[in-house]
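Visitor: One structure, as structure tokens, below. Some questions next.
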Protein chains: 6
Amino acid sequence: MSRILLLNPNTSGSMTERMLAAARDAAGPGTVLLATQPSWGTSSVEGYYDGYVSVAAALDRLAQLREQPEPGLAEPWDAIIWAGFGDAGREGLQELLDVPVISIAEAAAHVAMLLGRRFGIVTTLARARGQIEDALLVAGLLERCAGIWSIDAAVLESAAGEAETIDRCLDQARAALAAGAEVVCLGSGAFAGTGPRLTAMLGAPVVDGVCAAVALAETCIRLGVSTSKIGALAAPRAKDRPGWPMPPPPQQPSRPE
Amino acid sequence: MSRILLLNPNTSGSMTERMLAAARDAAGPGTVLLATQPSWGTSSVEGYYDGYVSVAAALDRLAQLREQPEPGLAEPWDAIIWAGFGDAGREGLQELLDVPVISIAEAAAHVAMLLGRRFGIVTTLARARGQIEDALLVAGLLERCAGIWSIDAAVLESAAGEAETIDRCLDQARAALAAGAEVVCLGSGAFAGTGPRLTAMLGAPVVDGVCAAVALAETCIRLGVSTSKIGALAAPRAKDRPGWPMPPPPQQPSRPE
Amino acid sequence: MSRILLLNPNTSGSMTERMLAAARDAAGPGTVLLATQPSWGTSSVEGYYDGYVSVAAALDRLAQLREQPEPGLAEPWDAIIWAGFGDAGREGLQELLDVPVISIAEAAAHVAMLLGRRFGIVTTLARARGQIEDALLVAGLLERCAGIWSIDAAVLESAAGEAETIDRCLDQARAALAAGAEVVCLGSGAFAGTGPRLTAMLGAPVVDGVCAAVALAETCIRLGVSTSKIGALAAPRAKDRPGWPMPPPPQQPSRPE
Amino acid sequence: MSRILLLNPNTSGSMTERMLAAARDAAGPGTVLLATQPSWGTSSVEGYYDGYVSVAAALDRLAQLREQPEPGLAEPWDAIIWAGFGDAGREGLQELLDVPVISIAEAAAHVAMLLGRRFGIVTTLARARGQIEDALLVAGLLERCAGIWSIDAAVLESAAGEAETIDRCLDQARAALAAGAEVVCLGSGAFAGTGPRLTAMLGAPVVDGVCAAVALAETCIRLGVSTSKIGALAAPRAKDRPGWPMPPPPQQPSRPE
Amino acid sequence: MSRILLLNPNTSGSMTERMLAAARDAAGPGTVLLATQPSWGTSSVEGYYDGYVSVAAALDRLAQLREQPEPGLAEPWDAIIWAGFGDAGREGLQELLDVPVISIAEAAAHVAMLLGRRFGIVTTLARARGQIEDALLVAGLLERCAGIWSIDAAVLESAAGEAETIDRCLDQARAALAAGAEVVCLGSGAFAGTGPRLTAMLGAPVVDGVCAAVALAETCIRLGVSTSKIGALAAPRAKDRPGWPMPPPPQQPSRPE
Amino acid sequence: MSRILLLNPNTSGSMTERMLAAARDAAGPGTVLLATQPSWGTSSVEGYYDGYVSVAAALDRLAQLREQPEPGLAEPWDAIIWAGFGDAGREGLQELLDVPVISIAEAAAHVAMLLGRRFGIVTTLARARGQIEDALLVAGLLERCAGIWSIDAAVLESAAGEAETIDRCLDQARAALAAGAEVVCLGSGAFAGTGPRLTAMLGAPVVDGVCAAVALAETCIRLGVSTSKIGALAAPRAKDRPGWPMPPPPQQPSRPE
């Protein structure tokens with residue numbers, strides 16, 4: 001029985017629930033999925049600024065959960081899913097924790113590379129494309145990326161209007177195939193859960209990063225391997241960090257049960 | 001219940017058995033592992049020539065199994081593990097089949113990239129290094145590779161003398177860490193099953209490609225995605241292929257039960 | 001008369017003062033240098049975790065200064081120097097502000113590339129090397145980098161013991177030249193101000209990122225150009241950001257006059 | 001007097017003859033051109049699967065010719081032309097033999113790079129593009145490639161209808177120039193012999209891989225250099241290879257006199 | 001007080017004057033700008049041939065000025081601006097001199113990279129694009145270049161008809177933005193002085209290489225760093241150079257006062 | 001009967017003769033080799049400065065020969081060998097002429113890539129390494145280069161003392177093999193003619209750029225292809241080039257018969 005904690009970088013509980021539902025569908029029988037989001041920060045991540053705010057908020061949320069365990073979210077966690085697509089922060093979580101930390105963007109790319117020569121990514125706003133490209137570059141996963149397409153809709157809007165979102169994703173996924181992609185990655189947690197329908201409609205594999213991350217987290221757990229602690233991702237050094245983590249907030253964050 | 005077929009590229013039944021045992025240890029509860037090897041070809045793969053012979057022999061073996069199902073190896077197969085480390089052939093199998101085909105070299109690299117900034121590979125003979133490097137290059141997985149080290153021992157020799165092989169692998173793995181790797185991949189099926197011991201001895205994650213491939217095959221099955229058929233990996237075109245596949249051999253190949 | 005704000009990512013006022021002194025030495029006659037550091041966060045940045053905490057803290061500090069102007073630090077700012085070497089965060093500041101934001105790591109690399117075919121970087125702890133490498137990769141400045149060397153000393157320790165730090169930097173700078181570098185960049189704000197002495201001792205140009213950043217900030221101001229707002233670095237979208245920025249802290253941060 | 005053996009990877013004697021004629025036109029006065037094709041395998045190579053089958057069949061054919069010399073094809077061979085465009089296998093032949101082995105795809109690229117900044121490739125089916133791209137990547141010849149265009153016709157169809165093939169190649173060659181190519185490579189043995197006409201029609205150099213390979217084979221012979229045997233391309237190790245090479249086939253392959 | 005010599009690679013005095021005017025606008029209060037051009041060579045640089053002629057002519061011109069100082073151009077020079085956009089020659093000047101040598105192409109790219117994720121270049125003739133691309137590649141500045149666009153007008157024609165040139169540059173700059181650039185570099189000395197107007201018209205930063213080079217030259221002077229002399233850019237070796245530099249020309253070159 | 005002109009970039013007639021002798025040994029029966037050198041310039045090329053002077057001098061020499069044909073050197077020339085190893089200038093010659101122009105550095109790399117996975121280069125002075133690296137980078141030939149080694153001897157000294165030069169080259173060639181090269185290129189015209197002896201001594205192929213260039217020039221002539229004139233290498237534009245080419249020199253250059 002392994003416990004995987006999905007960490008939504010934004011403060012929107014509805015997004016957490018959406019991703020949790022998709023993650024549970026993807027999980028194997030022996031996996032328990034938990035999910036949470038920061039108690040402060042930004043209601044969606046759309047750009048670098050939001051990204052950097054959300055990383056700190058997420059790190060703070062983990063500290064909170066460790067100090068004041070909440071029912072249903074308490075440690076042990078056997079792996080963490082960092083559910084921001086292309087967002088900064090994965091390495092910070094890897095330093096902090098001893099368990100595998102899987103980013104949904106990288107998870108999607110890893111799985112896509114198993115399925116075809118080139119993958120395309122479909123995301124929400126055009127402004128996110130550079131950030132995703134940078135994330136893949138740093139992760140060493142850009143070589144086989146055919147490009148990044150956007151549906152020109154904001155994150156929360158995309159999550160809310162699923163029917164229209166699927167139509168738009170399908171259009172952009174077709175554009176990706178026309179440009180040489182053979183596999184498509186869903187480039188936002190707002191699209192979580194639409195992979196199977198899009199795969200069927202497109203006639204080519206569509207990889208949902210949340211689901212891919214669950215399976216890769218299970219992979220690491222099964223193989224008994226975790227983040228290497230001998231180099232760049234060693235535990236943070238002990239030192240004075242004034243005012244950090246934050247003092248506990250007056251009100252509890254909303255949280256899916 | 002899913003059925004994963006491990007396809008050993010060489011004709012040595014002992015290697016098939018060794019890899020099958022490691023694969024079974026790594027598999028989840030709902031997975032049945034099958035394994036086979038070609039009925040003709042080369043007793044180990046050590047270089048490009050062996051590699052090309054073994055690919056054709058493996059493709060021929062699959063045709064054989066489809067035409068004349070053997071007990072315990074019959075279709076359906078839900079995924080194939082192509083158990084040559086850095087060997088050519090993965091794309092040929094992907095074209096031929098509708099199910100995911102996972103190469104053990106790429107599987108090891110994918111998992112290693114989840115665990116650290118740089119991974120090193122430890123393989124058998126020095127001559128294999130170029131071949132493995134080419135394979136990772138084509139797969140888009142070379143950027144985060146810190147290098148490829150060899151224990152200077154042949155494949156079957158390595159598989160036979162496990163104690164000495166582990167010592168040698170440990171030496172080379174330490175050399176890889178000293179050169180900047182943070183994670184080590186076992187670069188030969190001959191090393192299958194030694195991952196956990198080496199991880200413990202090294203103090204850094206050591207990824208066994210066979211085990212990683214099992215988990216990634218399960219990942220694809222769980223996610224309901226398979227090789228994209230819309231581009232480079234579409235099914236082979238119907239055409240005249242004189243004398244191919246081979247007529248059934250007079251004797252059955254050795255095969256682990 | 002232009003006003004450049006040096007933003008130290010860590011909370012150590014002594015570091016802020018050290019970098020401010022070096023910056024003032026490098027500034028032209030028409031430039032006023034201001035400097036500040038976050039009111040919460042981490043006393044030095046040594047790794048990704050510290051880096052992510054410090055970015056949010058720095059963004060919060062800027063919000064503070066805008067809402068409650070402090071004497072000697074009030075807007076207008078004509079450019080910002082982001083004084084973390086290889087730290088995340090530059091793009092977040094660029095989104096937030098309309099004025100140029102210059103990272104000291106990138107500034108050092110840009111100037112070094114004007115002076116020779118290959119540059120090496122000398123930094124504090126070995127663990128920072130990966131982070132710096134990633135930062136240069138994303139900035140498109142890695143191609144001419146011959147490598148990153150470390151003096152194996154922590155940031156605050158390096159800043160405190162200047163004589164020993166210079167010796168160690170000189171040793172590593174010589175190692176960089178031996179490996180093919182022709183120019184050396186000082187890879188930490190803790191080394192600020194030692195460039196001229198090291199240049200003289202080494203017999204090859206040594207670039208101090210803080211000083212380089214001042215000159216490049218003046219360059220942008222002089223040329224009348226600032227961060228492009230039409231793509232990835234457009235202003236953050238208006239949205240709900242609960243609890244952000246932080247409520248004003250009870251105590252004022254220490255701050256060099 | 002040197003003897004160069006053109007090895008067609010497919011079993012179609014008409015293709016062998018076509019390429020042999022083009023090769024003879026390109027050869028110098030002191031060169032004797034021989035040509036053969038596998039006795040089993042695939043009638044054309046269109047994809048990875050065909051490619052891998054044809055490599056083994058070609059290696060087998062060479063073994064046959066060495067064991068049972070045929071009139072007009074017997075050793076000595078001073079060089080081999082591997083006449084599959086972008087097909088796998090070159091390194092396997094290089095390991096096996098002591099004489100230079102020249103791939104027609106690489107030959108075309110090498111010559112094209114002497115003639116302009118960027119070259120484009122025109123091939124038969126779109127599905128071949130990925131395979132050719134991979135082959136150039138591994139050979140280190142992709143940097144100056146502007147792209148790969150296809151005439152959307154199968155290999156044997158292209159070879160049969162020369163007039164239409166030339167028209168289609170011309171269209172795609174013009175598309176390549178429009179995209180920045182300055183030189184065009186003919187990306188299939190099916191186009192052998194059309195280079196001079198296409199060069200005249202296009203007004204830019206069109207390089208025929210078969211002809212380029214003949215000239216580069218002569219180059220190596222003239223310079224007295226052959227495949228390096230000290231690293232990755234050393235001779236195959238002695239070992240048990242059950243059932244390999246194949247027992248002699250009952251019937252002789254068709255063969256151009 | 002520092003003296004910066006702008007070295008126009010072509011023999012057109014009107015171009016020298018144009019660039020000098022733009023440079024003076026960009027210079028800080030303590031900088032004296034000088035400018036000259038070769039006494040023989042080519043009236044504009046449009047291609048590699050012109051480029052190579054102009055480099056030698058420029059090197060010869062410097063020798064002339066050192067041997068026979070001219071009023072207003074005499075040494076000392078504290079930095080040199082090599083005012084050919086993408087032209088060969090920068091390294092030759094760097095070897096010859098002890099002061100910083102700044103190429104206008106590289107200067108533009110360096111500044112552009114401070115301002116956005118991707119920069120585009122707008123140049124005169126399409127044939128210059130390859131040359132500029134090569135120059136950025138060698139300088140390690142190509143990674144963040146979104147492409148090179150041309151206004152299809154010759155250098156002297158562009159310099160003469162400023163109104164039309166601005167219109168054409170604006171069109172191409174917009175094309176660059178549409179293709180993903182966020183910043184635009186003016187890719188010819190013929191465009192010197194139009195940066196501020198184009199920045200205002202485009203709504204995105206437009207970087208003038210001449211102005212950028214002035215500011216970067218001042219940067220190097222301020223920081224007290226110059227070309228590294230320990231490697232590839234060490235002073236030319238003493239040796240016999242018959243007929244070089246040229247004997248003084250009978251007539252003085254035209255020269256802006 | 002084809003006429004190939006070897007163009008030595010330096011003014012040393014002894015170097016011209018040495019390279020001519022090697023070239024004649026490598027040429028086929030139908031080839032006539034001519035050779036010349038500039039009438040002014042530099043006695044050897046050792047660095048960028050020398051390189052740029054020599055390019056202009058070589059272009060001037062060609063103009064001279066066209067205007068005032070000399071016995072034994074007169075046009076027609078069917079190809080040019082640009083006999084500077086890694087020197088600038090090849091594109092300038094390609095623009096100027098309608099016949100193929102083959103650089104000895106690129107020729108060596110092209111041939112080496114036919115013979116092994118990685119090639120190393122052995123050159124004269126260490127300072128040349130950067131220049132050669134840049135040249136291969138621009139030519140798209142750097143990917144398979146394992147490195148550049150130097151014998152630490154000047155060009156003319158190397159050419160004069162052949163026995164010692166061979167010893168030193170052998171030492172460096174062995175170092176290249178130890179570092180992963182499988183083929184070695186002779187990286188200076190001063191080494192012309194030593195390829196066969198070094199190949200025998202090293203036990204791995206050693207490629208002489210002068211000889212390789214002859215064979216590749218013959219290859220282009222045989223294939224009927226020349227420099228593409230549709231893009232970056234189109235003929236120089238007609239324009240005013242004051243004082244260029246140089247007025248004929250008072251004395252004739254020394255020239256091998």
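If you're wondering about the labels, chains in the structure tokens are A, B, ... by order shown, residues count from 1 in each chain, ligands from 1 in order shown.
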Would you mind listing, for every residue of chain F within 10 Å of chain C, the two atoms forming the shortest contact and the distance between them in Å to one decimal, using only C-alpha atoms, sorted by chain and ascending residue number, as a tab-separated table?

Guide:
```
residue	atom	partner	partner_atom	distance
F:Gly130	CA	C:Arg117	CA	7.6
F:Gln131	CA	C:Arg117	CA	9.7
F:Asp134	CA	C:Arg117	CA	9.8
```

Visitor: Keeping only N, CA and C atoms, write the selected residues to a file as an mmCIF file, in the first residue's frame.

Guide:
```cif
data_model
loop_
_atom_site.group_PDB
_atom_site.id
_atom_site.type_symbol
_atom_site.label_atom_id
_atom_site.label_comp_id
_atom_site.auth_asym_id
_atom_site.auth_seq_id
_atom_site.Cartn_x
_atom_site.Cartn_y
_atom_site.Cartn_z
ATOM 1 N N GLY F 130 41.158 26.559 -31.158
ATOM 2 C CA GLY F 130 39.882 27.249 -31.161
ATOM 3 C C GLY F 130 39.410 27.581 -32.572
ATOM 4 N N GLN F 131 40.353 27.999 -33.373
ATOM 5 C CA GLN F 131 40.034 28.366 -34.754
ATOM 6 C C GLN F 131 39.526 27.161 -35.544
ATOM 7 N N ASP F 134 36.019 26.282 -34.322
ATOM 8 C CA ASP F 134 35.023 27.178 -34.908
ATOM 9 C C ASP F 134 34.718 26.801 -36.362
#
```

Visitor: Please identify the helix (DSSP H, G or I) residues within range 31-213 of chain E (assignment by DSSP from backbone atoms) and present them as a ChimeraX atom specification.

Guide: /E:48-67,90-96,104-113,128-139,155-160,162-178,189-191,195-202,209-213

Visitor: Could you produce a table of the residues of range 194-246 of chain C lying within 6 Å of range 215-232 of chain E, with the nearest pair of atoms per residue and their separation in Å rounded to one decimal, using only C-alpha atoms, ordered by chain and increasing residue number, as JSON lines?

Guide:
```
{"residue": "C:Ala204", "atom": "CA", "partner": "E:Ser228", "partner_atom": "CA", "distance": 5.5}
{"residue": "C:Pro205", "atom": "CA", "partner": "E:Val225", "partner_atom": "CA", "distance": 5.6}
{"residue": "C:Ala215", "atom": "CA", "partner": "E:Thr219", "partner_atom": "CA", "distance": 5.4}
{"residue": "C:Thr219", "atom": "CA", "partner": "E:Ala215", "partner_atom": "CA", "distance": 5.4}
```

Visitor: Could you list, as a VMD selection string, every residue within 9 Å of Met19 in chain F, counting only C-alpha atoms and ignoring same-chain residues fewer than 3 positions away?

Guide: chain F and resid 6 8 14 to 16 22 to 24 35 83 189 to 193 210 to 211

Visitor: Write the residues you've just listed into a file as a PDB file, in the first residue's frame, and include N, CA, C and O atoms for each of them.

Guide:
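Result file is result_12.pdb:
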```pdb
ATOM      1  N   LEU F   6      45.670  24.135 -56.209  1.00  0.00           N
ATOM      2  CA  LEU F   6      45.877  24.169 -54.757  1.00  0.00           C
ATOM      3  C   LEU F   6      46.336  25.569 -54.374  1.00  0.00           C
ATOM      4  O   LEU F   6      47.346  26.063 -54.884  1.00  0.00           O
ATOM      5  N   ASN F   8      47.638  27.720 -51.499  1.00  0.00           N
ATOM      6  CA  ASN F   8      48.263  27.808 -50.172  1.00  0.00           C
ATOM      7  C   ASN F   8      47.974  29.198 -49.593  1.00  0.00           C
ATOM      8  O   ASN F   8      48.258  30.196 -50.254  1.00  0.00           O
ATOM      9  N   SER F  14      57.960  26.910 -49.980  1.00  0.00           N
ATOM     10  CA  SER F  14      58.300  25.542 -49.594  1.00  0.00           C
ATOM     11  C   SER F  14      57.064  24.782 -49.119  1.00  0.00           C
ATOM     12  O   SER F  14      56.923  23.585 -49.364  1.00  0.00           O
ATOM     13  N   MET F  15      56.163  25.492 -48.456  1.00  0.00           N
ATOM     14  CA  MET F  15      54.914  24.851 -48.025  1.00  0.00           C
ATOM     15  C   MET F  15      54.065  24.502 -49.246  1.00  0.00           C
ATOM     16  O   MET F  15      53.432  23.447 -49.296  1.00  0.00           O
ATOM     17  N   THR F  16      54.027  25.412 -50.209  1.00  0.00           N
ATOM     18  CA  THR F  16      53.266  25.121 -51.426  1.00  0.00           C
ATOM     19  C   THR F  16      53.799  23.854 -52.082  1.00  0.00           C
ATOM     20  O   THR F  16      53.031  22.977 -52.503  1.00  0.00           O
ATOM     21  N   ALA F  22      52.255  16.139 -52.035  1.00  0.00           N
ATOM     22  CA  ALA F  22      51.276  15.225 -51.422  1.00  0.00           C
ATOM     23  C   ALA F  22      50.016  15.137 -52.269  1.00  0.00           C
ATOM     24  O   ALA F  22      49.435  14.060 -52.456  1.00  0.00           O
ATOM     25  N   ALA F  23      49.583  16.281 -52.781  1.00  0.00           N
ATOM     26  CA  ALA F  23      48.370  16.311 -53.594  1.00  0.00           C
ATOM     27  C   ALA F  23      48.550  15.481 -54.860  1.00  0.00           C
ATOM     28  O   ALA F  23      47.651  14.746 -55.280  1.00  0.00           O
ATOM     29  N   ARG F  24      49.709  15.592 -55.471  1.00  0.00           N
ATOM     30  CA  ARG F  24      49.945  14.822 -56.707  1.00  0.00           C
ATOM     31  C   ARG F  24      49.934  13.334 -56.423  1.00  0.00           C
ATOM     32  O   ARG F  24      49.437  12.547 -57.240  1.00  0.00           O
ATOM     33  N   ALA F  35      49.568  24.670 -58.285  1.00  0.00           N
ATOM     34  CA  ALA F  35      49.606  25.221 -56.919  1.00  0.00           C
ATOM     35  C   ALA F  35      50.189  26.616 -56.935  1.00  0.00           C
ATOM     36  O   ALA F  35      51.066  26.931 -57.737  1.00  0.00           O
ATOM     37  N   ALA F  83      43.986  25.479 -48.974  1.00  0.00           N
ATOM     38  CA  ALA F  83      44.881  24.648 -48.178  1.00  0.00           C
ATOM     39  C   ALA F  83      45.257  25.256 -46.827  1.00  0.00           C
ATOM     40  O   ALA F  83      46.369  25.078 -46.344  1.00  0.00           O
ATOM     41  N   GLY F 189      48.641  21.852 -43.052  1.00  0.00           N
ATOM     42  CA  GLY F 189      49.299  21.570 -44.321  1.00  0.00           C
ATOM     43  C   GLY F 189      50.771  21.226 -44.122  1.00  0.00           C
ATOM     44  O   GLY F 189      51.395  20.597 -44.985  1.00  0.00           O
ATOM     45  N   ALA F 190      51.303  21.621 -42.963  1.00  0.00           N
ATOM     46  CA  ALA F 190      52.706  21.311 -42.680  1.00  0.00           C
ATOM     47  C   ALA F 190      52.940  19.821 -42.532  1.00  0.00           C
ATOM     48  O   ALA F 190      54.082  19.360 -42.581  1.00  0.00           O
ATOM     49  N   PHE F 191      51.867  19.069 -42.332  1.00  0.00           N
ATOM     50  CA  PHE F 191      52.005  17.619 -42.144  1.00  0.00           C
ATOM     51  C   PHE F 191      51.743  16.869 -43.455  1.00  0.00           C
ATOM     52  O   PHE F 191      51.742  15.625 -43.464  1.00  0.00           O
ATOM     53  N   ALA F 192      51.504  17.604 -44.526  1.00  0.00           N
ATOM     54  CA  ALA F 192      51.097  16.965 -45.788  1.00  0.00           C
ATOM     55  C   ALA F 192      52.094  15.891 -46.203  1.00  0.00           C
ATOM     56  O   ALA F 192      53.306  16.096 -46.161  1.00  0.00           O
ATOM     57  N   GLY F 193      51.561  14.750 -46.575  1.00  0.00           N
ATOM     58  CA  GLY F 193      52.391  13.672 -47.086  1.00  0.00           C
ATOM     59  C   GLY F 193      52.776  12.636 -46.042  1.00  0.00           C
ATOM     60  O   GLY F 193      53.351  11.592 -46.381  1.00  0.00           O
ATOM     61  N   VAL F 210      45.088  17.507 -47.175  1.00  0.00           N
ATOM     62  CA  VAL F 210      45.427  17.889 -48.555  1.00  0.00           C
ATOM     63  C   VAL F 210      45.025  16.772 -49.511  1.00  0.00           C
ATOM     64  O   VAL F 210      44.374  17.010 -50.545  1.00  0.00           O
ATOM     65  N   CYS F 211      45.375  15.547 -49.162  1.00  0.00           N
ATOM     66  CA  CYS F 211      45.039  14.415 -50.020  1.00  0.00           C
ATOM     67  C   CYS F 211      43.528  14.213 -50.080  1.00  0.00           C
ATOM     68  O   CYS F 211      42.956  13.944 -51.144  1.00  0.00           O
TER      69      CYS F 211
END
```

Visitor: Within 8 Å of Ser103 in chain B, counting only C-alpha atoms, which residues qualify if same-chain residues fewer than 6 places away don't, as a list in words?

Guide: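 Non-adjacent residues within range: Ile81, Trp82, Ala83, Gly84, Phe85, Gly86, Arg90 and Ala213 of chain B.
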
Visitor: What's the separation between CA of Ser2 in chain C and CA of Ala58 in chain C, in Å to one decimal place?

Guide: 21.6 Å

Visitor: When you draw a straight line from CA of Glu17 in chain C to CA of Ser158 in chain C, how long is it in Å?

Guide: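 Computing the Euclidean distance for CA of Glu17 in chain C and CA of Ser158 in chain C yields 14.6 Å.
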
Visitor: For Ala175 in chain A, find every residue with an atom within 12 Å (counting only C-alpha atoms), except residues of its own chain fewer than 3 positions away, and show them as a ChimeraX atom specification.

Guide: /A:119-122,146-151,168-172,178-184,202
